[in-house]
Structures are given as structure tokens and as C-alpha cells.
$ cat upload_35.txt   # compact mmCIF, C-alpha atoms
# COMPACT_ATOMS: atom_id res chain seq x y z
CA MET A 1 79.77 108.07 122.35
CA GLU A 2 78.29 104.57 122.60
CA PRO A 3 79.10 102.72 125.85
CA LEU A 4 80.88 99.96 123.95
CA GLU A 5 83.02 102.43 122.02
CA GLU A 6 83.83 104.22 125.27
CA LYS A 7 84.73 100.96 126.97
CA VAL A 8 87.15 99.92 124.21
CA ARG A 9 88.72 103.34 124.12
CA SER A 10 89.21 103.64 127.87
CA GLN A 11 90.64 100.13 128.21
CA LEU A 12 93.07 100.72 125.35
CA GLU A 13 94.19 103.92 127.06
CA GLU A 14 95.53 101.76 129.90
CA THR A 15 97.88 99.81 127.60
CA GLN A 16 101.62 100.35 127.47
CA PRO A 17 103.96 100.71 124.48
CA GLY A 18 104.88 97.26 123.18
CA SER A 19 101.75 95.64 124.51
CA ALA A 20 99.49 93.32 122.55
CA VAL A 21 95.71 93.38 122.99
CA SER A 22 93.14 90.87 121.89
CA LEU A 23 89.94 92.75 121.08
CA VAL A 24 87.00 90.35 120.94
CA THR A 25 83.73 91.51 119.51
CA ASP A 26 80.64 90.19 117.73
CA LEU A 27 78.76 91.32 114.65
CA SER A 28 76.64 93.84 116.52
CA GLY A 29 79.60 95.35 118.34
CA TYR A 30 82.03 95.37 115.41
CA PHE A 31 81.75 99.02 114.35
CA ASP A 32 81.63 100.31 117.91
CA ALA A 33 84.82 98.36 118.60
CA LEU A 34 86.45 99.94 115.52
CA LYS A 35 85.29 103.39 116.57
CA GLY A 36 86.64 102.84 120.08
CA PHE A 37 90.00 101.80 118.68
CA VAL A 38 90.26 104.68 116.19
CA GLY A 39 89.20 107.21 118.84
CA TYR A 40 91.89 105.88 121.17
CA ALA A 41 94.67 105.91 118.56
CA SER A 42 93.78 109.40 117.40
CA ALA A 43 93.63 110.82 120.94
CA ALA A 44 96.92 109.13 121.86
CA GLY A 45 98.64 110.61 118.78
CA LEU A 46 99.51 107.16 117.45
CA HIS A 47 100.00 106.37 113.79
CA THR A 48 97.79 103.39 113.02
CA ILE A 49 98.82 100.70 110.60
CA TYR A 50 95.44 99.17 109.88
CA ILE A 51 95.51 95.69 108.35
CA THR A 52 92.11 95.10 106.84
CA ALA A 53 91.29 91.63 105.59
CA THR A 54 87.54 91.82 106.20
CA ILE A 55 86.24 94.99 104.56
CA PRO A 56 87.99 96.99 101.79
CA SER A 57 90.03 99.84 103.23
CA ALA A 58 88.12 102.52 101.31
CA VAL A 59 84.87 101.30 102.91
CA VAL A 60 86.34 101.23 106.43
CA HIS A 61 87.86 104.66 105.86
CA GLY A 62 84.60 106.07 104.49
CA GLN A 63 82.40 104.64 107.24
CA LEU A 64 84.62 105.81 110.07
CA THR A 65 85.26 109.30 108.71
CA SER A 66 81.54 109.74 108.01
CA GLN A 67 81.04 109.30 111.74
CA GLY A 68 83.41 112.13 112.48
CA LEU A 69 86.45 110.02 113.42
CA ASN A 70 89.91 111.32 112.66
CA LEU A 71 91.80 108.95 110.34
CA GLU A 72 94.50 111.38 109.32
CA ASP A 73 97.21 109.17 110.83
CA ALA A 74 95.73 105.84 109.72
CA HIS A 75 97.62 103.90 107.06
CA PHE A 76 95.99 100.86 105.53
CA ILE A 77 97.21 97.48 104.41
CA ASP A 78 94.28 96.23 102.39
CA CYS A 79 94.30 92.47 101.83
CA ILE A 80 90.92 92.18 100.20
CA SER A 81 90.34 94.88 97.54
CA PHE A 82 92.84 93.47 95.08
CA MET A 83 91.32 90.00 95.25
CA VAL A 84 87.81 91.25 94.58
CA GLY A 85 88.82 93.58 91.75
CA GLY A 86 88.71 96.82 93.73
CA PRO A 87 91.11 99.76 93.42
CA ARG A 88 94.79 98.82 93.32
CA GLN A 89 96.50 102.16 93.10
CA GLU A 90 98.94 102.44 95.98
CA GLU A 91 98.43 106.06 96.85
CA GLY A 92 97.49 108.10 99.87
CA PRO A 93 96.91 105.97 102.95
CA TYR A 94 96.50 102.67 101.08
CA MET A 95 98.80 99.77 100.35
CA PHE A 96 97.46 96.57 98.86
CA VAL A 97 98.24 92.91 99.33
CA GLU A 98 97.03 90.71 96.50
CA SER A 99 95.45 88.11 98.72
CA PRO A 100 94.93 87.46 102.45
CA THR A 101 96.95 84.27 101.91
CA MET A 102 100.09 86.36 101.35
CA LEU A 103 100.91 86.59 105.04
CA GLU A 104 104.61 87.37 104.53
CA THR A 105 103.63 90.27 102.29
CA ILE A 106 101.41 91.64 105.07
CA LEU A 107 104.45 91.53 107.38
CA VAL A 108 106.53 93.26 104.71
CA LYS A 109 103.92 96.02 104.31
CA VAL A 110 103.87 96.67 108.07
CA GLU A 111 107.64 97.18 107.91
CA LEU A 112 107.25 99.27 104.80
CA TRP A 113 104.75 101.67 106.39
CA MET A 114 107.07 102.17 109.33
CA LYS A 115 110.03 102.71 107.01
CA ARG A 116 108.05 105.13 104.88
CA LEU A 117 106.69 107.14 107.81
CA GLY A 118 109.98 107.14 109.67
CA PRO A 119 111.13 106.42 113.21
CA ASP A 120 109.82 109.61 114.79
CA HIS A 121 106.30 108.32 115.42
CA ASP A 122 104.62 106.02 117.87
CA TYR A 123 102.75 103.26 116.09
CA VAL A 124 99.93 100.86 116.73
CA VAL A 125 99.19 97.97 114.40
CA PHE A 126 95.54 96.96 114.17
CA LEU A 127 94.60 93.59 112.66
CA ASP A 128 91.03 93.37 111.39
CA SER A 129 90.47 90.50 111.70
CA VAL A 130 92.14 87.28 112.67
CA ASN A 131 88.99 85.37 111.67
CA THR A 132 89.23 86.49 108.06
CA LEU A 133 92.87 85.46 107.92
CA ALA A 134 91.91 82.09 109.39
CA MET A 135 89.25 81.71 106.69
CA HIS A 136 91.88 82.00 103.94
CA ASN A 137 94.81 80.23 105.63
CA ASP A 138 95.34 77.15 107.71
CA ASP A 139 95.41 77.64 111.46
CA LYS A 140 99.08 76.75 111.92
CA ILE A 141 100.32 79.42 109.58
CA VAL A 142 98.04 82.05 111.10
CA GLN A 143 99.51 81.15 114.49
CA GLU A 144 103.02 81.51 113.07
CA PHE A 145 102.06 84.85 111.52
CA LEU A 146 100.60 86.17 114.80
CA HIS A 147 103.62 84.98 116.73
CA TYR A 148 106.03 86.83 114.47
CA LEU A 149 103.89 89.95 114.12
CA ILE A 150 103.23 90.42 117.83
CA THR A 151 106.70 89.54 119.09
CA SER A 152 108.53 91.63 116.49
CA LEU A 153 106.33 94.65 117.29
CA ARG A 154 106.76 94.11 121.00
CA ALA A 155 110.54 94.11 120.59
CA ARG A 156 110.26 97.59 119.08
CA LYS A 157 107.74 98.83 121.66
CA VAL A 158 105.00 99.02 119.05
CA ARG A 159 101.46 98.33 120.25
CA CYS A 160 99.37 95.71 118.50
CA VAL A 161 95.61 95.17 118.66
CA VAL A 162 94.17 91.99 117.18
CA LEU A 163 90.46 91.97 116.51
CA SER A 164 88.53 88.72 116.49
CA VAL A 165 84.88 87.82 116.27
CA GLU A 166 83.59 85.81 119.19
CA GLY A 167 82.73 82.23 118.43
CA GLN A 168 84.34 82.41 114.99
CA THR A 169 87.97 81.98 115.98
CA PRO A 170 89.54 78.53 115.71
CA LYS A 171 90.54 77.15 119.13
CA GLU A 172 94.27 76.97 118.38
CA ILE A 173 94.32 80.61 117.31
CA GLU A 174 92.42 81.62 120.43
CA THR A 175 95.05 79.83 122.48
CA ILE A 176 97.98 81.56 120.79
CA LEU A 177 96.24 84.93 121.25
CA LYS A 178 95.84 84.24 124.96
CA LEU A 179 99.48 83.29 125.14
CA LEU A 180 100.79 86.30 123.22
CA CYS A 181 98.47 89.11 124.29
CA ASP A 182 98.84 91.09 127.52
CA GLU A 183 95.20 92.15 127.61
CA SER A 184 91.90 90.92 126.31
CA ILE A 185 89.05 93.36 125.82
CA ALA A 186 85.57 91.93 125.37
CA ALA A 187 83.75 94.42 123.16
CA LEU A 188 80.46 92.59 123.42
CA PRO A 189 77.12 94.28 124.05
CA GLU A 190 76.17 91.73 126.71
CA ALA A 191 79.55 92.09 128.41
CA GLU A 192 79.50 95.89 128.63
CA ASP A 193 79.61 95.87 132.38
CA GLY A 194 82.39 93.30 132.61
CA ALA A 195 85.98 94.21 133.26
CA SER A 196 88.74 93.29 130.84
CA GLU A 197 89.72 89.69 131.17
CA MET B 1 121.83 81.48 115.98
CA GLY B 2 123.40 79.02 118.34
CA GLY B 3 125.89 79.43 121.15
CA THR B 4 128.33 77.07 119.51
CA GLY B 5 129.44 79.54 116.85
CA PRO B 6 131.96 82.35 117.12
CA LYS B 7 131.52 84.86 119.92
CA ALA B 8 129.36 87.74 118.71
CA GLU B 9 131.70 90.35 120.17
CA ARG B 10 134.89 88.96 118.66
CA LEU B 11 135.14 90.96 115.43
CA PRO B 12 134.18 94.54 114.65
CA ARG B 13 131.14 94.75 112.38
CA LEU B 14 129.92 96.95 109.66
CA ALA B 15 126.22 97.73 109.32
CA SER B 16 125.00 96.51 105.96
CA GLY B 17 122.32 99.19 105.82
CA ILE B 18 119.63 96.52 106.00
CA GLU B 19 118.49 96.40 109.59
CA ALA B 20 117.04 92.89 109.59
CA LEU B 21 120.12 91.49 107.85
CA ASP B 22 122.36 93.03 110.48
CA ARG B 23 120.22 91.45 113.20
CA ALA B 24 120.50 88.08 111.43
CA LEU B 25 124.28 88.56 111.35
CA SER B 26 124.47 89.39 115.07
CA GLY B 27 125.32 93.01 114.34
CA GLY B 28 126.53 93.18 110.76
CA ILE B 29 129.18 91.86 108.41
CA PRO B 30 132.59 91.40 110.06
CA ILE B 31 134.87 94.11 108.70
CA GLY B 32 137.21 92.82 106.01
CA ASN B 33 134.98 89.95 104.94
CA SER B 34 134.49 89.22 101.25
CA VAL B 35 130.95 88.06 100.74
CA LEU B 36 129.41 86.41 97.72
CA LEU B 37 125.98 87.82 96.89
CA ALA B 38 124.63 85.05 94.72
CA GLY B 39 121.41 84.75 92.80
CA SER B 40 119.78 84.44 89.42
CA CYS B 41 118.61 87.46 87.46
CA GLY B 42 115.91 89.59 89.05
CA THR B 43 116.58 88.42 92.59
CA GLY B 44 117.77 91.86 93.74
CA LYS B 45 121.56 91.49 93.87
CA THR B 46 122.43 94.91 92.46
CA THR B 47 119.82 96.80 94.48
CA LEU B 48 120.90 95.15 97.71
CA ALA B 49 124.57 95.83 96.94
CA ALA B 50 123.84 99.48 96.15
CA GLU B 51 122.00 99.88 99.44
CA PHE B 52 125.07 98.47 101.19
CA LEU B 53 127.29 101.05 99.49
CA LEU B 54 124.95 103.97 100.08
CA ALA B 55 124.76 103.03 103.77
CA GLY B 56 128.55 103.19 103.74
CA ALA B 57 128.61 106.60 102.10
CA ARG B 58 126.06 107.82 104.63
CA ALA B 59 128.41 106.59 107.40
CA LYS B 60 131.28 108.48 105.73
CA GLU B 61 132.95 105.26 104.55
CA PRO B 62 134.28 105.64 101.00
CA SER B 63 132.33 103.12 98.94
CA LEU B 64 133.11 101.88 95.45
CA LEU B 65 131.09 99.95 92.90
CA LEU B 66 132.97 98.32 90.05
CA ALA B 67 130.49 98.10 87.17
CA VAL B 68 131.24 95.09 84.99
CA THR B 69 127.91 93.83 83.70
CA GLU B 70 126.16 97.15 83.19
CA ASP B 71 127.77 100.54 82.66
CA ALA B 72 128.05 102.82 85.67
CA GLU B 73 125.84 105.60 84.33
CA ARG B 74 123.00 103.17 83.61
CA LEU B 75 123.32 101.68 87.10
CA LEU B 76 123.14 105.13 88.61
CA GLU B 77 120.10 105.97 86.52
CA ASN B 78 118.26 102.95 87.94
CA LEU B 79 119.30 103.78 91.48
CA ARG B 80 117.90 107.27 91.19
CA THR B 81 114.38 105.79 91.17
CA TYR B 82 114.77 104.62 94.77
CA GLU B 83 113.83 106.73 97.80
CA PHE B 84 116.93 105.50 99.63
CA PHE B 85 119.15 106.96 96.93
CA ASP B 86 120.63 110.36 97.61
CA GLN B 87 122.52 112.13 94.84
CA ALA B 88 124.46 114.08 97.48
CA LEU B 89 126.12 110.79 98.47
CA VAL B 90 127.67 110.33 95.03
CA GLY B 91 131.18 111.62 94.65
CA PRO B 92 134.80 111.20 95.72
CA GLY B 93 135.18 109.88 99.25
CA LYS B 94 131.51 108.84 99.28
CA PHE B 95 129.80 106.58 96.75
CA GLU B 96 131.77 106.16 93.55
CA LEU B 97 131.21 104.02 90.50
CA LEU B 98 133.96 102.75 88.23
CA ASP B 99 133.46 101.13 84.85
CA VAL B 100 135.55 98.02 84.27
CA ALA B 101 136.94 99.59 81.07
CA GLU B 102 138.40 102.36 83.24
CA LEU B 103 139.99 99.75 85.50
CA TYR B 104 141.76 98.12 82.56
CA LYS B 105 142.69 101.36 80.79
CA GLY B 106 146.42 101.63 80.15
CA SER B 107 147.12 98.29 81.86
CA PRO B 108 148.65 95.20 80.24
CA LEU B 109 145.20 93.57 80.49
CA GLU B 110 143.46 96.18 78.37
CA LYS B 111 143.73 94.25 75.14
CA THR B 112 143.98 90.71 76.50
CA THR B 113 140.91 88.58 75.97
CA VAL B 114 142.01 85.44 77.80
CA LEU B 115 143.80 85.82 81.13
CA GLY B 116 146.41 83.36 82.38
CA ALA B 117 147.98 82.59 85.76
CA ALA B 118 150.43 85.48 85.43
CA ASP B 119 147.53 87.90 84.96
CA VAL B 120 145.88 87.06 88.30
CA PRO B 121 148.20 89.24 90.42
CA VAL B 122 148.01 91.99 87.78
CA LEU B 123 144.21 92.15 87.96
CA VAL B 124 144.26 91.96 91.75
CA LYS B 125 146.75 94.82 91.86
CA LEU B 126 144.64 96.95 89.53
CA LEU B 127 141.71 96.54 91.91
CA LEU B 128 143.68 97.09 95.09
CA ASP B 129 145.30 100.21 93.62
CA GLN B 130 141.83 101.66 93.06
CA VAL B 131 140.87 100.73 96.61
CA ASP B 132 144.03 102.31 98.03
CA LYS B 133 143.71 105.44 95.91
CA ARG B 134 140.15 106.03 97.08
CA LYS B 135 140.64 104.78 100.67
CA THR B 136 137.69 102.49 99.99
CA ARG B 137 136.03 100.80 102.98
CA ARG B 138 133.22 99.09 101.06
CA LEU B 139 133.54 97.52 97.65
CA VAL B 140 131.02 95.87 95.35
CA ILE B 141 132.00 94.04 92.18
CA ASP B 142 128.95 93.77 89.93
CA SER B 143 129.54 91.17 88.85
CA LEU B 144 132.34 88.83 89.83
CA THR B 145 130.94 86.44 87.23
CA GLY B 146 131.45 89.06 84.52
CA LEU B 147 134.93 89.97 85.76
CA CYS B 148 135.99 86.32 85.76
CA LEU B 149 134.73 85.59 82.24
CA ARG B 150 138.22 86.10 80.88
CA PHE B 151 139.66 83.36 83.10
CA PRO B 152 139.56 80.09 81.15
CA SER B 153 139.58 77.77 84.17
CA LYS B 154 138.04 77.33 87.61
CA GLU B 155 141.52 77.18 89.12
CA LEU B 156 142.30 80.69 87.93
CA VAL B 157 138.96 81.98 89.20
CA ARG B 158 139.66 80.42 92.58
CA ASP B 159 143.16 81.86 92.67
CA PHE B 160 141.89 85.32 91.72
CA VAL B 161 139.05 85.40 94.27
CA SER B 162 141.28 84.04 97.02
CA THR B 163 144.11 86.54 96.35
CA LEU B 164 141.71 89.46 96.04
CA SER B 165 139.86 88.53 99.27
CA LYS B 166 143.13 88.34 101.19
CA GLY B 167 144.24 91.73 99.83
CA LEU B 168 140.94 93.36 100.74
CA SER B 169 140.83 91.75 104.17
CA LYS B 170 144.34 93.01 104.93
CA ARG B 171 143.12 96.53 104.16
CA GLY B 172 139.93 96.14 106.21
CA VAL B 173 137.77 96.49 103.11
CA THR B 174 134.41 94.76 103.26
CA CYS B 175 133.34 93.50 99.89
CA LEU B 176 130.24 92.14 98.18
CA LEU B 177 131.03 90.04 95.13
CA ILE B 178 128.00 89.53 92.94
CA SER B 179 127.67 86.06 91.54
CA GLU B 180 125.21 85.48 88.72
CA LEU B 181 123.56 82.10 88.90
CA GLU B 182 121.43 80.36 86.33
CA ALA B 183 117.74 80.19 87.21
CA GLY B 184 117.09 77.04 89.21
CA SER B 185 120.76 76.58 90.08
CA THR B 186 121.33 74.84 93.39
CA GLY B 187 124.93 76.04 93.81
CA HIS B 188 126.15 79.23 95.43
CA SER B 189 128.59 80.46 92.80
CA SER B 190 128.79 80.70 89.04
CA HIS B 191 132.08 78.79 88.69
CA GLY B 192 131.52 76.44 91.58
CA VAL B 193 134.68 77.47 93.43
CA GLU B 194 134.22 81.05 94.67
CA ASP B 195 131.96 80.08 97.60
CA ALA B 196 134.72 77.97 99.10
CA VAL B 197 137.27 80.79 99.30
CA VAL B 198 135.14 83.78 100.33
CA ASP B 199 134.22 84.59 103.93
CA GLY B 200 130.49 84.68 103.42
CA VAL B 201 127.69 83.71 101.09
CA LEU B 202 124.33 85.46 100.89
CA GLN B 203 122.03 83.50 98.65
CA LEU B 204 119.16 85.28 96.90
CA GLY B 205 116.43 83.37 95.14
CA ASN B 206 112.79 82.91 94.35
CA THR B 207 110.57 80.40 96.04
CA VAL B 208 106.96 79.42 95.61
CA SER B 209 105.18 79.38 98.94
CA ARG B 210 101.50 78.51 99.10
CA GLY B 211 101.17 79.38 95.43
CA HIS B 212 102.93 82.76 95.70
CA LEU B 213 106.31 83.57 94.21
CA LEU B 214 108.48 85.16 96.86
CA ARG B 215 111.95 86.64 96.66
CA THR B 216 114.19 85.16 99.37
CA LEU B 217 117.51 85.70 101.11
CA GLN B 218 119.47 83.18 103.15
CA ILE B 219 122.80 83.52 104.92
CA VAL B 220 124.60 80.36 103.87
CA LYS B 221 127.94 81.23 105.42
CA MET B 222 129.56 84.13 107.27
CA ARG B 223 132.94 83.73 108.92
CA GLY B 224 133.54 85.48 112.21
CA THR B 225 129.98 85.79 113.41
CA PRO B 226 127.12 83.62 114.55
CA HIS B 227 124.27 84.04 112.10
CA SER B 228 120.76 83.00 111.29
CA ARG B 229 120.35 80.16 108.80
CA THR B 230 116.68 80.71 108.19
CA ARG B 231 115.29 81.76 104.84
CA TYR B 232 113.86 85.27 104.75
CA VAL B 233 111.40 86.86 102.41
CA LEU B 234 113.12 89.81 100.77
CA GLU B 235 111.22 92.84 99.56
CA LEU B 236 113.13 95.45 97.60
CA SER B 237 111.07 98.50 98.31
CA HIS B 238 111.76 102.05 97.26
CA TYR B 239 112.57 102.75 100.89
CA GLY B 240 115.15 99.98 101.04
CA ALA B 241 115.27 96.22 101.49
CA ILE B 242 112.93 94.58 103.99
CA LEU B 243 113.36 91.08 105.39
CA VAL B 244 110.74 89.02 107.18
CA PRO B 245 110.90 85.29 107.95
CA LEU B 246 109.44 82.86 105.46
CA LEU B 247 106.46 81.30 107.26
CA ARG B 248 106.50 77.55 107.14
CA SER B 249 103.21 76.54 108.66
CA GLY B 250 104.92 74.28 111.15
CA LYS B 251 106.66 72.32 108.40
CA ALA B 252 110.40 71.70 108.43
$ encode --input "upload_35.txt" --output "C-alpha cells"
Amino acid sequence: MEPLEEKVRSQLEETQPGSAVSLVTDLSGYFDALKGFVGYASAAGLHTIYITATIPSAVVHGQLTSQGLNLEDAHFIDCISFMVGGPRQEEGPYMFVESPTMLETILVKVELWMKRLGPDHDYVVFLDSVNTLAMHNDDKIVQEFLHYLITSLRARKVRCVVLSVEGQTPKEIETILKLLCDESIAALPEAEDGASE
Amino acid sequence: MGGTGPKAERLPRLASGIEALDRALSGGIPIGNSVLLAGSCGTGKTTLAAEFLLAGARAKEPSLLLAVTEDAERLLENLRTYEFFDQALVGPGKFELLDVAELYKGSPLEKTTVLGAADVPVLVKLLLDQVDKRKTRRLVIDSLTGLCLRFPSKELVRDFVSTLSKGLSKRGVTCLLISELEAGSTGHSSHGVEDAVVDGVLQLGNTVSRGHLLRTLQIVKMRGTPHSRTRYVLELSHYGAILVPLLRSGKA
């Protein structure tokens, strides 16, 4: 296991049900951060609701499983495939949102996965990434979206991990993440020795 | 949901079957309330009402749907496509459907096309007899608009809805009255009078937000409980209705 992957995984293991984590990475650390998260969720027996706005879900799924990661309990909300003409069939672990600008529909799909899978599981919602959402939406509405998503999950003791790319996140969104999240994990190669903020 | 409204604990509630709606109503619909479920076609009135009745049947509360606009068998056929539907819940003492023709059968109203003031108590009695016979706790009239078509004036509609609501309330029956609105209508009821006499109004609609057409639900009025006044996005999924707030991007 890469040190960065190990770091993300071990720090996530410290989190409590209902907590929100800001996971900050950069381009070189992106896949290690994902691997760390998936390894953690799988080992903890959590069902992951994976919101992907950056890379189509089939690609994320393929890349992570090809590296031996267990994605059996990962359920995707894909906000990008539909827009770029990719597969749209809602089957298996995939649900689609027509566009990353349909933020309410993303919230609906999170609820829908939990309704579909039932109340007998522990869940973690993973948002990949806040930067992509900020690219397609204005900052204020992304803040409103994060506020609702995180607080509504917290109220139900559901964990939430929000991934962002360092230096690419608008200031106002960074501020709301600091305000809403209990932990911040810096999944950055140069910060490998640093503790969580 | 402010602190100036009624005390949340004052009246016993009934879970609507839609978790987020119950939260927005501080625990559910006060028992005995008659609530207008208003919206134009395709806004989800029937599906939402059916979920309310099936939740009742699941809670062992006899639930009745009076089918006016569409026949009962056709309604049932559509409901069978939903995951939340359970055929085992259909039957006496659980979820029952009644065609309006059955309601009128053998009554003085069977062959009357235009109803007058003297017919109001007759129609109310026909309905309440069905409720009493079945020990109904939850009732849906789909639609009130269709049922009131035979009343030639607003005054008679108002009288009918008011008398029926009182009768149901007295029996502790919680009722959803479906009101069909024209697309783009800004009112809450098809005759313009029903919303004033019922206990609650749930308004369904469509709204364009940031270029996307969204189905919405708003609690306009609900007597006996503090409630949210925000507009929610409503998704009618196969697993049941889902509500999330309509994001406003900081705008009023």
C-alpha cells in the first residue's frame, strides 16, 4: 500500500458516525486518496454512496477494481456520463444525474440509494469532487448544497467525505468546508508526514 | 417552523408515509384533518396519495381511496409498478378502492346529473356511510374536482367540502382531497373555495430552476401544527416519494 493511501485510510478509521471529512488532494495524489478511501470503507463494512462529478463512474469503478479494491458495496451517483453521452442505463451500482448542475437531483439520488438499500446498513457518502461541482455551478449554490448534504447526513449519523483538489477550490467553498467538516485530511505527497489539520 | 405557531405536541399526528413531509409537518398530519392535495396534471398527486394510504394499511389503519377520475382497477394497475406497493396490503380493513359509480349505486343521486343544495347532505352521508362501514382512518378522494363537477356553483362546492370535512374530523378520519389545477394556475383549488374550508393545503407543482424542470411540493397551510413553508423538490421514485429542499443560491 502506498504511504498516501495508508495515511488516508488510517485517518478515516479514526472518524465517528455522522462526521464530515474534508479530503484535500492534488493531481498526483488523487488516485491514492481514492484508494485510501475505498480501502477504509470496505474494511469498515460501510456502504459507499459515491457521487462522481469528475470521472465517469464506470471508469472509477474499473480503475479501482483493477487495483484489487473491493467495490461490492459501492453505489454510484454519476453526474457526468449522461452529459457526455456515456451509458445511461440505471442498473447495477449506477444511478445517473443528467448534469452536475442538477444539485437537487444529486441530493434526491443520495436519499434514493439509502431508501433502496434499506436502513440496515451503515453508510458513507463520498463526493468526488467539490471542484467539479464548483466548475459547473456558482459558488453560493455549491455552498448551499454542501450545507444541506453534510448537515442532513450528520443528523442521521451518516459519514460524509468531501474530496477537493488543492488550490482549485474557490475561497468561499473552502471556508464552508472548514466550517462544516470535523476533520481535514491532507492527502498531498509533500504533506505525507504531516498530521491531519 | 417558528415558535409562534401551534404547539407541536398539541394534537396527535398521523405519519404520512413520507418521512421528509412528516418532518416538515413537525411529526405528521394532525389526525382528523382534511387536506387539499392540489396540483396540475403530472405533478404526482395520485402517487403521493396512494403512498399515504399504503402507509396507513401498513400501520393497520383501514384506508380507502374513492376513485372518481380514473377507475379503481386502472389505478391499482399503475400502483403495482411501484416498489412501495404491496399486494398483500390490498383488501378489507387494509387498503381498499371504491369506484364512484359504486358510491352512487342505488342512491337518489345515481341518475342525477346536476346536484342542488338538498343533495349536499345526501352525498356527504353516502361518503360517511362508507367510512363508517369500513372503519376507515385514512381517506383519499381522487379527485375532489371530479366529484364536485355535478355541483353547479362554488357555494355548493364550499358547503359540500365544509360539511364533509366536519363529518370526517368528528370521526378522526384523516383525508387527502385531490384538487386538479390547470397548468400555470396560481390558486390552490379548482373552484377557488375549497382551500378556505379545509384544514390543510399541500401544493404540488413544477418549477424551472437553473434551466431544469423540477417537481415541487409546498405546505401552504396545515391547521394544528407548526410547519415548514419552504418549497421542496419532490421525486416520485419507485421506492416512494423523496423530498429535498429547493436550493436557492442565496436568493429570496
$ closest_residue --input "upload_35.txt" --among "A:Ser57, A:Ser184, A:Thr101, A:Gln168" --to "chain B" --atoms "all atoms listed in the file"
A:Thr101
$ interface_residues --input "upload_35.txt" --of "chain B" --to "chain A" --cutoff "12 Å" --atoms "only C-alpha atoms" --output "PyMOL selection string"
chain B and resi 18-20+83-84+208-216+232-251
$ write_last_selection --input "upload_35.txt" --atoms "C-alpha atoms" --output "PDB file, in the frame of the given file"
ATOM      1  CA  ILE B  18     119.630  96.520 106.000  1.00  0.00           C
ATOM      2  CA  GLU B  19     118.490  96.400 109.590  1.00  0.00           C
ATOM      3  CA  ALA B  20     117.040  92.890 109.590  1.00  0.00           C
ATOM      4  CA  GLU B  83     113.830 106.730  97.800  1.00  0.00           C
ATOM      5  CA  PHE B  84     116.930 105.500  99.630  1.00  0.00           C
ATOM      6  CA  VAL B 208     106.960  79.420  95.610  1.00  0.00           C
ATOM      7  CA  SER B 209     105.180  79.380  98.940  1.00  0.00           C
ATOM      8  CA  ARG B 210     101.500  78.510  99.100  1.00  0.00           C
ATOM      9  CA  GLY B 211     101.170  79.380  95.430  1.00  0.00           C
ATOM     10  CA  HIS B 212     102.930  82.760  95.700  1.00  0.00           C
ATOM     11  CA  LEU B 213     106.310  83.570  94.210  1.00  0.00           C
ATOM     12  CA  LEU B 214     108.480  85.160  96.860  1.00  0.00           C
ATOM     13  CA  ARG B 215     111.950  86.640  96.660  1.00  0.00           C
ATOM     14  CA  THR B 216     114.190  85.160  99.370  1.00  0.00           C
ATOM     15  CA  TYR B 232     113.860  85.270 104.750  1.00  0.00           C
ATOM     16  CA  VAL B 233     111.400  86.860 102.410  1.00  0.00           C
ATOM     17  CA  LEU B 234     113.120  89.810 100.770  1.00  0.00           C
ATOM     18  CA  GLU B 235     111.220  92.840  99.560  1.00  0.00           C
ATOM     19  CA  LEU B 236     113.130  95.450  97.600  1.00  0.00           C
ATOM     20  CA  SER B 237     111.070  98.500  98.310  1.00  0.00           C
ATOM     21  CA  HIS B 238     111.760 102.050  97.260  1.00  0.00           C
ATOM     22  CA  TYR B 239     112.570 102.750 100.890  1.00  0.00           C
ATOM     23  CA  GLY B 240     115.150  99.980 101.040  1.00  0.00           C
ATOM     24  CA  ALA B 241     115.270  96.220 101.490  1.00  0.00           C
ATOM     25  CA  ILE B 242     112.930  94.580 103.990  1.00  0.00           C
ATOM     26  CA  LEU B 243     113.360  91.080 105.390  1.00  0.00           C
ATOM     27  CA  VAL B 244     110.740  89.020 107.180  1.00  0.00           C
ATOM     28  CA  PRO B 245     110.900  85.290 107.950  1.00  0.00           C
ATOM     29  CA  LEU B 246     109.440  82.860 105.460  1.00  0.00           C
ATOM     30  CA  LEU B 247     106.460  81.300 107.260  1.00  0.00           C
ATOM     31  CA  ARG B 248     106.500  77.550 107.140  1.00  0.00           C
ATOM     32  CA  SER B 249     103.210  76.540 108.660  1.00  0.00           C
ATOM     33  CA  GLY B 250     104.920  74.280 111.150  1.00  0.00           C
ATOM     34  CA  LYS B 251     106.660  72.320 108.400  1.00  0.00           C
TER      35      LYS B 251
END
$ atom_distance --input "upload_35.txt" --atom1 "atom CA of B:Phe160" --atom2 "atom CA of B:Ile29"
22.0 Å
$ atom_distance --input "upload_35.txt" --atom1 "atom CA of B:Phe95" --atom2 "atom CA of B:Leu53"
6.7 Å
$ closest_residue --input "upload_35.txt" --among "A:Val125, A:Met135, A:Val97, A:Val24" --to "A:Ala74" --atoms "only C-alpha atoms"
A:Val125
$ closest_residue --input "upload_35.txt" --among "B:Ala49, B:Gly106, B:Val120, B:Lys166" --to "B:Leu37" --atoms "all atoms listed in the file"
B:Ala49
